[in-house]
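Raw contents of protein_8.pdb, PDB, C-alpha atoms, pLDDT in the B column:
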ATOM      1  CA  MET N  30      -1.686 -10.121  39.547  1.00 40.00           C
ATOM      2  CA  CYS N  31      -4.777 -11.858  40.951  1.00 43.00           C
ATOM      3  CA  TYR N  32      -6.749 -14.341  38.866  1.00 48.00           C
ATOM      4  CA  ASN N  33     -10.442 -14.949  39.385  1.00 52.00           C
ATOM      5  CA  PRO N  34     -11.061 -18.726  39.711  1.00 46.00           C
ATOM      6  CA  HIS N  35     -14.232 -18.321  37.661  1.00 52.00           C
ATOM      7  CA  MET N  36     -12.424 -16.792  34.696  1.00 80.00           C
ATOM      8  CA  VAL N  37     -11.329 -20.135  33.299  1.00 96.00           C
ATOM      9  CA  LYS N  38     -12.418 -23.756  33.516  1.00 97.00           C
ATOM     10  CA  ILE N  39     -10.016 -26.232  35.109  1.00 97.00           C
ATOM     11  CA  LEU N  40      -9.317 -29.680  33.692  1.00 98.00           C
ATOM     12  CA  ASP N  41      -7.422 -32.071  35.933  1.00 98.00           C
ATOM     13  CA  CYS N  42      -5.457 -34.709  34.014  1.00 98.00           C
ATOM     14  CA  SER N  43      -3.524 -36.260  36.917  1.00 98.00           C
ATOM     15  CA  ILE N  44      -4.615 -39.852  36.287  1.00 97.00           C
ATOM     16  CA  ARG N  45      -4.341 -39.755  32.510  1.00 98.00           C
ATOM     17  CA  ASP N  46      -0.954 -38.018  32.324  1.00 97.00           C
ATOM     18  CA  GLY N  47       0.247 -39.505  35.601  1.00 97.00           C
ATOM     19  CA  GLY N  48      -0.246 -42.942  34.117  1.00 97.00           C
ATOM     20  CA  HIS N  49       2.951 -42.412  32.151  1.00 96.00           C
ATOM     21  CA  GLN N  50       4.732 -42.852  35.500  1.00 95.00           C
ATOM     22  CA  ASN N  51       3.024 -46.063  36.666  1.00 96.00           C
ATOM     23  CA  ASN N  52       1.769 -47.631  33.425  1.00 97.00           C
ATOM     24  CA  TRP N  53      -1.811 -46.564  34.232  1.00 98.00           C
ATOM     25  CA  ASN N  54      -2.050 -48.904  37.205  1.00 98.00           C
ATOM     26  CA  PHE N  55      -4.031 -46.956  39.818  1.00 98.00           C
ATOM     27  CA  ASP N  56      -5.766 -48.421  42.825  1.00 97.00           C
ATOM     28  CA  ALA N  57      -9.540 -47.919  42.647  1.00 96.00           C
ATOM     29  CA  ASP N  58      -9.705 -46.560  46.217  1.00 97.00           C
ATOM     30  CA  PHE N  59      -7.090 -43.953  45.317  1.00 97.00           C
ATOM     31  CA  VAL N  60      -9.184 -42.849  42.336  1.00 97.00           C
ATOM     32  CA  PHE N  61     -12.359 -42.651  44.441  1.00 97.00           C
ATOM     33  CA  HIS N  62     -10.560 -40.326  46.903  1.00 97.00           C
ATOM     34  CA  TYR N  63      -9.045 -38.368  44.030  1.00 97.00           C
ATOM     35  CA  ILE N  64     -12.496 -37.714  42.544  1.00 97.00           C
ATOM     36  CA  GLU N  65     -13.767 -36.583  45.940  1.00 97.00           C
ATOM     37  CA  LYS N  66     -10.849 -34.136  46.161  1.00 96.00           C
ATOM     38  CA  LEU N  67     -11.604 -32.708  42.718  1.00 97.00           C
ATOM     39  CA  LYS N  68     -15.236 -32.232  43.699  1.00 97.00           C
ATOM     40  CA  SER N  69     -14.249 -30.433  46.905  1.00 96.00           C
ATOM     41  CA  GLU N  70     -11.910 -28.172  44.922  1.00 95.00           C
ATOM     42  CA  LYS N  71     -14.706 -27.435  42.411  1.00 94.00           C
ATOM     43  CA  ILE N  72     -12.634 -28.639  39.460  1.00 96.00           C
ATOM     44  CA  ASP N  73     -14.672 -28.588  36.234  1.00 97.00           C
ATOM     45  CA  TYR N  74     -13.263 -31.553  34.298  1.00 98.00           C
ATOM     46  CA  CYS N  75     -11.486 -34.781  35.227  1.00 98.00           C
ATOM     47  CA  GLU N  76      -9.633 -36.623  32.461  1.00 98.00           C
ATOM     48  CA  ILE N  77      -9.535 -40.021  34.103  1.00 98.00           C
ATOM     49  CA  GLY N  78      -7.425 -41.846  31.525  1.00 98.00           C
ATOM     50  CA  TYR N  79      -7.073 -42.873  27.915  1.00 98.00           C
ATOM     51  CA  ARG N  80      -9.493 -44.887  25.818  1.00 98.00           C
ATOM     52  CA  ASN N  81      -7.002 -46.298  23.359  1.00 97.00           C
ATOM     53  CA  TYR N  82      -7.576 -49.343  21.207  1.00 96.00           C
ATOM     54  CA  ILE N  83      -4.003 -50.449  20.428  1.00 95.00           C
ATOM     55  CA  ASP N  84      -0.755 -50.680  22.402  1.00 94.00           C
ATOM     56  CA  LYS N  85      -2.776 -51.792  25.444  1.00 94.00           C
ATOM     57  CA  GLU N  86      -0.575 -54.759  26.285  1.00 93.00           C
ATOM     58  CA  ASN N  87       0.898 -54.705  29.808  1.00 94.00           C
ATOM     59  CA  LYS N  88      -0.818 -51.411  30.622  1.00 97.00           C
ATOM     60  CA  GLY N  89      -3.326 -50.756  33.387  1.00 97.00           C
ATOM     61  CA  GLU N  90      -7.041 -50.321  32.854  1.00 97.00           C
ATOM     62  CA  PHE N  91      -6.814 -46.529  32.899  1.00 98.00           C
ATOM     63  CA  PHE N  92      -5.074 -46.733  29.529  1.00 98.00           C
ATOM     64  CA  SER N  93      -8.196 -48.077  27.843  1.00 97.00           C
ATOM     65  CA  CYS N  94     -11.041 -46.960  30.176  1.00 98.00           C
ATOM     66  CA  ASP N  95     -13.900 -48.929  28.689  1.00 94.00           C
ATOM     67  CA  ARG N  96     -17.442 -48.059  29.700  1.00 95.00           C
ATOM     68  CA  LEU N  97     -17.965 -50.975  32.091  1.00 96.00           C
ATOM     69  CA  PHE N  98     -14.726 -50.244  33.910  1.00 97.00           C
ATOM     70  CA  LEU N  99     -15.554 -46.554  34.340  1.00 97.00           C
ATOM     71  CA  GLU N 100     -19.061 -47.110  35.665  1.00 96.00           C
ATOM     72  CA  GLN N 101     -17.768 -47.585  39.222  1.00 96.00           C
ATOM     73  CA  PHE N 102     -16.319 -44.060  39.276  1.00 96.00           C
ATOM     74  CA  ILE N 103     -19.302 -42.247  37.791  1.00 93.00           C
ATOM     75  CA  ASN N 104     -22.019 -42.680  40.411  1.00 89.00           C
ATOM     76  CA  ASN N 105     -20.698 -40.083  42.863  1.00 88.00           C
ATOM     77  CA  LYS N 106     -19.099 -37.601  40.483  1.00 95.00           C
ATOM     78  CA  GLY N 107     -21.691 -34.884  41.110  1.00 95.00           C
ATOM     79  CA  SER N 108     -21.217 -31.938  38.748  1.00 96.00           C
ATOM     80  CA  LEU N 109     -17.647 -32.993  37.924  1.00 98.00           C
ATOM     81  CA  LYS N 110     -17.375 -33.864  34.222  1.00 98.00           C
ATOM     82  CA  ILE N 111     -15.354 -37.041  33.693  1.00 98.00           C
ATOM     83  CA  GLY N 112     -13.820 -37.828  30.330  1.00 98.00           C
ATOM     84  CA  VAL N 113     -11.075 -39.614  28.456  1.00 98.00           C
ATOM     85  CA  MET N 114      -8.344 -38.839  25.960  1.00 98.00           C
ATOM     86  CA  ALA N 115      -7.827 -40.880  22.814  1.00 98.00           C
ATOM     87  CA  ASP N 116      -4.712 -40.664  20.671  1.00 97.00           C
ATOM     88  CA  TYR N 117      -5.670 -40.241  17.035  1.00 97.00           C
ATOM     89  CA  LYS N 118      -3.515 -43.214  15.991  1.00 96.00           C
ATOM     90  CA  ARG N 119      -4.829 -45.444  18.790  1.00 97.00           C
ATOM     91  CA  ILE N 120      -8.551 -44.766  18.607  1.00 97.00           C
ATOM     92  CA  ASN N 121     -11.263 -47.117  17.384  1.00 97.00           C
ATOM     93  CA  LEU N 122     -14.575 -45.344  16.822  1.00 97.00           C
ATOM     94  CA  LYS N 123     -16.360 -48.580  17.653  1.00 97.00           C
ATOM     95  CA  ASP N 124     -15.412 -47.801  21.259  1.00 97.00           C
ATOM     96  CA  PHE N 125     -17.439 -44.576  20.963  1.00 98.00           C
ATOM     97  CA  ASN N 126     -20.677 -45.759  19.388  1.00 97.00           C
ATOM     98  CA  SER N 127     -23.014 -43.480  21.310  1.00 98.00           C
ATOM     99  CA  ALA N 128     -22.589 -40.945  24.087  1.00 98.00           C
ATOM    100  CA  THR N 129     -26.078 -41.751  25.312  1.00 97.00           C
ATOM    101  CA  ASP N 130     -24.951 -45.319  26.066  1.00 96.00           C
ATOM    102  CA  ASP N 131     -21.598 -44.243  27.514  1.00 98.00           C
ATOM    103  CA  VAL N 132     -20.542 -42.875  30.903  1.00 97.00           C
ATOM    104  CA  VAL N 133     -18.045 -40.215  29.834  1.00 98.00           C
ATOM    105  CA  ASP N 134     -18.927 -36.548  29.583  1.00 98.00           C
ATOM    106  CA  PHE N 135     -16.258 -35.656  27.032  1.00 98.00           C
ATOM    107  CA  VAL N 136     -13.547 -37.031  24.763  1.00 98.00           C
ATOM    108  CA  ARG N 137     -10.285 -35.273  23.980  1.00 98.00           C
ATOM    109  CA  ILE N 138      -8.569 -36.242  20.728  1.00 98.00           C
ATOM    110  CA  ALA N 139      -4.795 -35.773  20.740  1.00 98.00           C
ATOM    111  CA  CYS N 140      -3.109 -35.377  17.371  1.00 98.00           C
ATOM    112  CA  HIS N 141       0.297 -34.475  16.014  1.00 98.00           C
ATOM    113  CA  PRO N 142       0.540 -31.937  13.176  1.00 98.00           C
ATOM    114  CA  ALA N 143       0.655 -34.491  10.355  1.00 98.00           C
ATOM    115  CA  ASP N 144      -2.589 -36.037  11.626  1.00 98.00           C
ATOM    116  CA  ILE N 145      -4.698 -32.892  11.959  1.00 98.00           C
ATOM    117  CA  ALA N 146      -6.802 -33.426   8.840  1.00 98.00           C
ATOM    118  CA  ASP N 147      -7.742 -36.989   9.745  1.00 98.00           C
ATOM    119  CA  SER N 148      -8.299 -36.033  13.393  1.00 98.00           C
ATOM    120  CA  LEU N 149     -10.895 -33.476  12.339  1.00 98.00           C
ATOM    121  CA  LEU N 150     -12.854 -36.285  10.706  1.00 98.00           C
ATOM    122  CA  VAL N 151     -12.676 -38.224  13.971  1.00 98.00           C
ATOM    123  CA  CYS N 152     -14.006 -35.194  15.843  1.00 98.00           C
ATOM    124  CA  GLU N 153     -16.911 -34.976  13.395  1.00 98.00           C
ATOM    125  CA  ALA N 154     -17.722 -38.664  13.882  1.00 98.00           C
ATOM    126  CA  LEU N 155     -17.627 -38.350  17.669  1.00 98.00           C
ATOM    127  CA  LYS N 156     -19.888 -35.316  17.601  1.00 98.00           C
ATOM    128  CA  GLN N 157     -22.296 -37.159  15.330  1.00 98.00           C
ATOM    129  CA  ASN N 158     -22.391 -39.826  18.059  1.00 98.00           C
ATOM    130  CA  LYS N 159     -23.338 -37.070  20.548  1.00 98.00           C
ATOM    131  CA  TYR N 160     -19.999 -36.779  22.362  1.00 98.00           C
ATOM    132  CA  ASN N 161     -18.605 -33.492  23.666  1.00 98.00           C
ATOM    133  CA  VAL N 162     -15.244 -33.164  21.943  1.00 98.00           C
ATOM    134  CA  PHE N 163     -11.982 -31.378  22.629  1.00 99.00           C
ATOM    135  CA  LEU N 164      -9.158 -31.401  20.079  1.00 99.00           C
ATOM    136  CA  GLN N 165      -5.576 -31.174  21.332  1.00 98.00           C
ATOM    137  CA  LEU N 166      -2.864 -29.932  18.977  1.00 98.00           C
ATOM    138  CA  MET N 167       0.284 -31.699  20.130  1.00 98.00           C
ATOM    139  CA  GLU N 168       3.768 -30.163  19.772  1.00 97.00           C
ATOM    140  CA  ILE N 169       2.267 -26.772  18.943  1.00 98.00           C
ATOM    141  CA  PRO N 170       5.571 -25.178  17.772  1.00 98.00           C
ATOM    142  CA  ASN N 171       5.603 -27.709  14.927  1.00 98.00           C
ATOM    143  CA  VAL N 172       2.155 -26.751  13.646  1.00 98.00           C
ATOM    144  CA  LYS N 173       3.013 -25.056  10.351  1.00 98.00           C
ATOM    145  CA  GLU N 174       1.111 -22.812   7.955  1.00 98.00           C
ATOM    146  CA  GLU N 175      -0.113 -25.797   5.967  1.00 98.00           C
ATOM    147  CA  HIS N 176      -1.684 -27.226   9.124  1.00 98.00           C
ATOM    148  CA  TYR N 177      -3.293 -23.908  10.034  1.00 98.00           C
ATOM    149  CA  ASN N 178      -4.740 -23.818   6.530  1.00 98.00           C
ATOM    150  CA  ILE N 179      -6.401 -27.173   7.150  1.00 98.00           C
ATOM    151  CA  LEU N 180      -7.850 -25.870  10.405  1.00 98.00           C
ATOM    152  CA  ASN N 181      -8.918 -22.640   8.727  1.00 98.00           C
ATOM    153  CA  ASN N 182     -10.805 -24.492   5.989  1.00 98.00           C
ATOM    154  CA  TRP N 183     -12.596 -26.825   8.410  1.00 98.00           C
ATOM    155  CA  GLU N 184     -16.303 -26.014   8.369  1.00 98.00           C
ATOM    156  CA  TYR N 185     -17.231 -27.506  11.740  1.00 98.00           C
ATOM    157  CA  LYS N 186     -15.193 -25.519  14.256  1.00 98.00           C
ATOM    158  CA  ASP N 187     -18.240 -24.934  16.409  1.00 98.00           C
ATOM    159  CA  ILE N 188     -18.624 -28.644  17.261  1.00 98.00           C
ATOM    160  CA  LEU N 189     -15.606 -28.467  19.574  1.00 98.00           C
ATOM    161  CA  GLU N 190     -15.875 -27.709  23.253  1.00 98.00           C
ATOM    162  CA  SER N 191     -12.461 -26.102  22.743  1.00 98.00           C
ATOM    163  CA  ILE N 192      -9.225 -26.538  20.817  1.00 98.00           C
ATOM    164  CA  TYR N 193      -6.141 -27.159  22.930  1.00 98.00           C
ATOM    165  CA  ILE N 194      -2.616 -25.851  22.510  1.00 98.00           C
ATOM    166  CA  ALA N 195      -0.244 -28.459  23.996  1.00 98.00           C
ATOM    167  CA  ASP N 196       3.311 -27.654  25.056  1.00 98.00           C
ATOM    168  CA  SER N 197       4.296 -31.279  24.473  1.00 96.00           C
ATOM    169  CA  TYR N 198       8.031 -30.875  24.904  1.00 96.00           C
ATOM    170  CA  SER N 199       8.199 -27.938  27.339  1.00 96.00           C
ATOM    171  CA  THR N 200       9.618 -25.637  24.694  1.00 97.00           C
ATOM    172  CA  VAL N 201       6.931 -22.927  24.817  1.00 98.00           C
ATOM    173  CA  THR N 202       7.555 -19.662  26.677  1.00 98.00           C
ATOM    174  CA  PRO N 203       5.061 -16.981  27.745  1.00 98.00           C
ATOM    175  CA  LYS N 204       5.940 -14.782  24.790  1.00 98.00           C
ATOM    176  CA  ASP N 205       4.856 -17.581  22.446  1.00 98.00           C
ATOM    177  CA  ILE N 206       1.389 -18.029  23.930  1.00 98.00           C
ATOM    178  CA  PRO N 207      -0.252 -14.876  22.461  1.00 98.00           C
ATOM    179  CA  VAL N 208       1.094 -15.806  19.015  1.00 98.00           C
ATOM    180  CA  TYR N 209      -0.668 -19.181  19.082  1.00 98.00           C
ATOM    181  CA  PHE N 210      -3.858 -17.737  20.506  1.00 98.00           C
ATOM    182  CA  GLU N 211      -4.036 -14.995  17.896  1.00 98.00           C
ATOM    183  CA  LYS N 212      -3.291 -17.459  15.117  1.00 98.00           C
ATOM    184  CA  LEU N 213      -6.144 -19.745  16.144  1.00 98.00           C
ATOM    185  CA  LYS N 214      -8.520 -16.862  16.809  1.00 98.00           C
ATOM    186  CA  GLY N 215      -7.683 -15.422  13.403  1.00 98.00           C
ATOM    187  CA  ILE N 216      -8.829 -18.596  11.651  1.00 98.00           C
ATOM    188  CA  GLY N 217     -12.110 -18.793  13.545  1.00 98.00           C
ATOM    189  CA  PHE N 218     -11.567 -20.684  16.819  1.00 98.00           C
ATOM    190  CA  ASN N 219     -13.308 -18.821  19.618  1.00 96.00           C
ATOM    191  CA  LYS N 220     -12.569 -21.238  22.464  1.00 98.00           C
ATOM    192  CA  ILE N 221      -8.884 -22.025  22.975  1.00 98.00           C
ATOM    193  CA  SER N 222      -7.356 -23.964  25.860  1.00 98.00           C
ATOM    194  CA  PHE N 223      -3.856 -24.684  27.104  1.00 98.00           C
ATOM    195  CA  HIS N 224      -2.049 -27.830  28.305  1.00 98.00           C
ATOM    196  CA  ALA N 225       1.319 -27.166  29.936  1.00 98.00           C
ATOM    197  CA  HIS N 226       4.234 -29.420  30.791  1.00 96.00           C
ATOM    198  CA  ASN N 227       6.574 -28.411  33.572  1.00 96.00           C
ATOM    199  CA  ASP N 228       9.924 -29.942  32.618  1.00 94.00           C
ATOM    200  CA  LYS N 229      11.508 -26.468  32.552  1.00 94.00           C
ATOM    201  CA  HIS N 230       9.343 -25.067  35.372  1.00 95.00           C
ATOM    202  CA  MET N 231       7.440 -22.811  32.977  1.00 97.00           C
ATOM    203  CA  ALA N 232       3.981 -24.368  33.402  1.00 97.00           C
ATOM    204  CA  LEU N 233       2.656 -21.719  35.781  1.00 96.00           C
ATOM    205  CA  ASP N 234       3.935 -18.720  33.813  1.00 97.00           C
ATOM    206  CA  ASN N 235       2.708 -20.201  30.532  1.00 97.00           C
ATOM    207  CA  THR N 236      -0.704 -21.010  31.960  1.00 97.00           C
ATOM    208  CA  LEU N 237      -1.177 -17.568  33.467  1.00 96.00           C
ATOM    209  CA  LYS N 238      -0.280 -16.056  30.110  1.00 96.00           C
ATOM    210  CA  ALA N 239      -2.837 -18.334  28.412  1.00 97.00           C
ATOM    211  CA  ILE N 240      -5.471 -17.171  30.892  1.00 96.00           C
ATOM    212  CA  SER N 241      -4.620 -13.549  30.147  1.00 95.00           C
ATOM    213  CA  CYS N 242      -5.170 -14.376  26.450  1.00 96.00           C
ATOM    214  CA  GLY N 243      -8.697 -15.561  27.242  1.00 95.00           C
ATOM    215  CA  ALA N 244      -8.233 -19.317  27.647  1.00 97.00           C
ATOM    216  CA  PHE N 245     -11.439 -21.341  27.852  1.00 97.00           C
ATOM    217  CA  SER N 246      -9.766 -23.961  30.067  1.00 98.00           C
ATOM    218  CA  VAL N 247      -6.339 -24.902  31.393  1.00 98.00           C
ATOM    219  CA  ASP N 248      -4.964 -28.202  32.660  1.00 98.00           C
ATOM    220  CA  VAL N 249      -3.634 -29.006  36.123  1.00 98.00           C
ATOM    221  CA  CYS N 250      -2.466 -32.037  38.068  1.00 97.00           C
ATOM    222  CA  GLN N 251      -2.452 -32.942  41.737  1.00 95.00           C
ATOM    223  CA  ASN N 252       0.860 -32.984  43.620  1.00 90.00           C
ATOM    224  CA  ASN N 253       2.950 -33.113  40.408  1.00 89.00           C
ATOM    225  CA  LEU N 254       1.436 -36.484  39.505  1.00 92.00           C
ATOM    226  CA  GLY N 255       1.108 -35.728  35.807  1.00 91.00           C
ATOM    227  CA  GLY N 256       4.080 -33.428  35.289  1.00 92.00           C
ATOM    228  CA  ASN N 257       1.786 -30.576  34.275  1.00 95.00           C
ATOM    229  CA  LEU N 258       0.838 -27.432  36.166  1.00 96.00           C
ATOM    230  CA  ASN N 259       0.540 -28.248  39.877  1.00 96.00           C
ATOM    231  CA  TRP N 260      -2.950 -27.323  41.127  1.00 96.00           C
ATOM    232  CA  ASN N 261      -1.565 -25.933  44.386  1.00 95.00           C
ATOM    233  CA  ASP N 262       0.815 -23.632  42.494  1.00 94.00           C
ATOM    234  CA  TYR N 263      -2.115 -22.289  40.495  1.00 94.00           C
ATOM    235  CA  LYS N 264      -4.329 -21.868  43.567  1.00 91.00           C
ATOM    236  CA  ASN N 265      -1.664 -19.726  45.204  1.00 91.00           C
ATOM    237  CA  CYS N 266      -2.193 -17.198  42.385  1.00 86.00           C
ATOM    238  CA  LEU N 267      -5.924 -16.870  42.921  1.00 78.00           C
TER     239      LEU N 267
END
Since I need it in another form, could you write the structure as structure tokens?
Amino acid sequence: MCYNPHMVKILDCSIRDGGHQNNWNFDADFVFHYIEKLKSEKIDYCEIGYRNYIDKENKGEFFSCDRLFLEQFINNKGSLKIGVMADYKRINLKDFNSATDDVVDFVRIACHPADIADSLLVCEALKQNKYNVFLQLMEIPNVKEEHYNILNNWEYKDILESIYIADSYSTVTPKDIPVYFEKLKGIGFNKISFHAHNDKHMALDNTLKAISCGAFSVDVCQNNLGGNLNWNDYKNCL
């Protein structure tokens, strides 16, 4: 089956997820070339790292990605949207005072099921500060009915750029994807995205299934750097 490259937006998370392999210590020249490659490939989003407030000790600068540090990478980004992820338990909203005074185009909040309710409040605060916000539901198979009820009752679904399903432990199969999509659609989320891991070599099949379910965006990495869906594998399906 052929997939139109314009059907879905592409988010590259090579640096952010790849940092788990090198403790977020990337050479600046490498990142400059990486951004140029994403621009040439017409990637929509680049998640350049984390902006976490705690557990920063002995980690590289791409684990905390403060505004001043990121400025050097922003000047030549063109239409590429560059953003950061923040773990719910590691975020400090003081690091996100105002999008108008920041250099990032989006923030993705990652939360585990037990933290969904509090993470929604964080999303509201970020949006109030003018940030574009994604919410990532980690370990999606462990999101239970009680958690879906919290999401269902949330009044501000439309503030999200999209809500992400994350296959955190590589346990999701293609037959599971429509179930999660329909569940989230049924409680009022119109834009749903997918983040694959490739430990069991299911990232491509899972991502293609997510696209067939109407995914708003899907995540890729360059040359297996992040352990997600390899961009070249996806391109071969276009």
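When all atoms listed in the file are used to measure the gap to N:His224, the shortest distance among N:Lys68, N:Arg137, N:His62, N:Lys156 belongs to N:Arg137.
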| field | Near-N:Asn105 list (12 Å; all atoms listed in the file; drop same-chain fewer than 3 positions) as a ChimeraX atom specification | value | /N:60-68,99-102,108-111
Quick one: contact table of stretch 68-159 of chain N to stretch 194-197 of chain N, 12 Å max, nearest atom pair and distance in Å to one decimal per residue, counting only C-alpha atoms, chain and number order, as JSON lines?
{"residue": "N:Ile138", "atom": "CA", "partner": "N:Ala195", "partner_atom": "CA", "distance": 11.9}
{"residue": "N:Ala139", "atom": "CA", "partner": "N:Ala195", "partner_atom": "CA", "distance": 9.2}
{"residue": "N:Cys140", "atom": "CA", "partner": "N:Ala195", "partner_atom": "CA", "distance": 10.0}
{"residue": "N:His141", "atom": "CA", "partner": "N:Ser197", "partner_atom": "CA", "distance": 9.9}
{"residue": "N:Pro142", "atom": "CA", "partner": "N:Ala195", "partner_atom": "CA", "distance": 11.4}
| request: Would you kindly return, as a list in words, each protein, DNA or RNA residue with an atom no farther than 12 Å from any atom of N:Glu211, considering only C-alpha atoms and excluding same-chain residues fewer than 3 positions away? | output: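 Using only C-alpha atoms, the neighbours found are Tyr177, Ile194, Asp205, Ile206, Pro207, Val208, Lys214, Gly215, Ile216, Gly217, Phe218, Asn219, Lys220, Ile221, Ala239, Cys242, Gly243 and Ala244 of chain N.
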| task | Measure the distance from atom CA of N:Met167 to atom CA of N:Glu76 in Å and round it to one decimal. | result | 16.6 Å
| query | What is the distance, in Å and to one decimal place, between atom CA of N:Lys229 and atom CA of N:Thr200? | reply |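 These two atoms are separated by 8.1 Å.
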| request: Can you work out the spacing between atom CA of N:Ile192 and atom CA of N:Ala128 in Å, to one decimal? | output: 19.9 Å
How big is the axis-aligned box around the listed atoms of stretch 175-193 of chain N once 8 Å is added on each side, and where is its centre? Give both in Å to one decimal, as JSON.
{"center_x": -9.4, "center_y": -25.6, "center_z": 14.6, "size_x": 34.5, "size_y": 22.0, "size_z": 33.3}
| said: Could you list, as a count of residues only, every residue within 8 Å of N:Trp53, counting only C-alpha atoms and ignoring same-chain residues fewer than 4 positions away? | reply: 11
| N:Ser148, N:Thr202, N:Asn121, N:Thr129: which is nearest N:Phe163, counting all atoms listed in the file? |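 When distances to N:Phe163 are compared using all atoms listed in the file, the smallest one comes from N:Ser148.
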| said: Could you check the closest approach to N:Asn104 for each of N:Cys152, N:Val132, N:Asn182, N:Cys250 and tell me which residue wins, using only C-alpha atoms? | reply: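 For N:Asn104, the nearest of the given residues is N:Val132.
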| task | Select, from N:Ser69, N:Asn257, N:Ser241, N:Asn252, the residue with the minimum atom-to-atom distance to N:Asp228, counting only C-alpha atoms. | result |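 Closest to N:Asp228, using only C-alpha atoms: N:Asn257.
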Save all heavy atoms of stretch 223-228 of chain N from the block above as a tab-separated table (two decimals), in the first residue's frame.
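Contents of selection.tsv, as written:
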chain	number	residue	atom	x	y	z
N	223	PHE	N	1.04	9.14	17.10
N	223	PHE	CA	1.60	7.86	17.53
N	223	PHE	C	3.12	7.93	17.62
N	223	PHE	O	3.79	8.43	16.71
N	223	PHE	CB	1.20	6.74	16.56
N	223	PHE	CG	1.69	5.38	16.99
N	223	PHE	CD1	1.19	4.78	18.13
N	223	PHE	CD2	2.67	4.72	16.26
N	223	PHE	CE1	1.65	3.53	18.54
N	223	PHE	CE2	3.13	3.48	16.65
N	223	PHE	CZ	2.61	2.87	17.80
N	224	HIS	N	3.65	7.41	18.73
N	224	HIS	CA	5.09	7.33	18.99
N	224	HIS	C	5.45	5.86	19.17
N	224	HIS	O	5.03	5.22	20.14
N	224	HIS	CB	5.45	8.13	20.24
N	224	HIS	CG	6.88	8.03	20.66
N	224	HIS	ND1	7.87	8.81	20.11
N	224	HIS	CD2	7.49	7.22	21.57
N	224	HIS	CE1	9.03	8.51	20.68
N	224	HIS	NE2	8.83	7.54	21.56
N	225	ALA	N	6.22	5.32	18.24
N	225	ALA	CA	6.58	3.90	18.26
N	225	ALA	C	7.96	3.69	18.86
N	225	ALA	O	8.83	4.57	18.79
N	225	ALA	CB	6.56	3.34	16.84
N	226	HIS	N	8.17	2.52	19.43
N	226	HIS	CA	9.50	2.02	19.74
N	226	HIS	C	9.71	0.74	18.93
N	226	HIS	O	8.75	0.03	18.62
N	226	HIS	CB	9.65	1.75	21.23
N	226	HIS	CG	9.89	3.00	22.03
N	226	HIS	ND1	9.82	3.03	23.40
N	226	HIS	CD2	10.19	4.26	21.66
N	226	HIS	CE1	10.08	4.25	23.84
N	226	HIS	NE2	10.29	5.01	22.79
N	227	ASN	N	10.95	0.45	18.63
N	227	ASN	CA	11.23	-0.61	17.66
N	227	ASN	C	11.97	-1.80	18.26
N	227	ASN	O	12.62	-2.55	17.53
N	227	ASN	CB	12.04	-0.03	16.49
N	227	ASN	CG	11.91	-0.88	15.24
N	227	ASN	OD1	10.85	-1.47	14.99
N	227	ASN	ND2	12.97	-0.96	14.45
N	228	ASP	N	11.86	-2.01	19.56
N	228	ASP	CA	12.57	-3.11	20.20
N	228	ASP	C	12.21	-4.46	19.58
N	228	ASP	O	13.06	-5.36	19.48
N	228	ASP	CB	12.26	-3.16	21.70
N	228	ASP	CG	12.64	-1.88	22.41
N	228	ASP	OD1	12.29	-0.80	21.91
N	228	ASP	OD2	13.28	-1.96	23.48
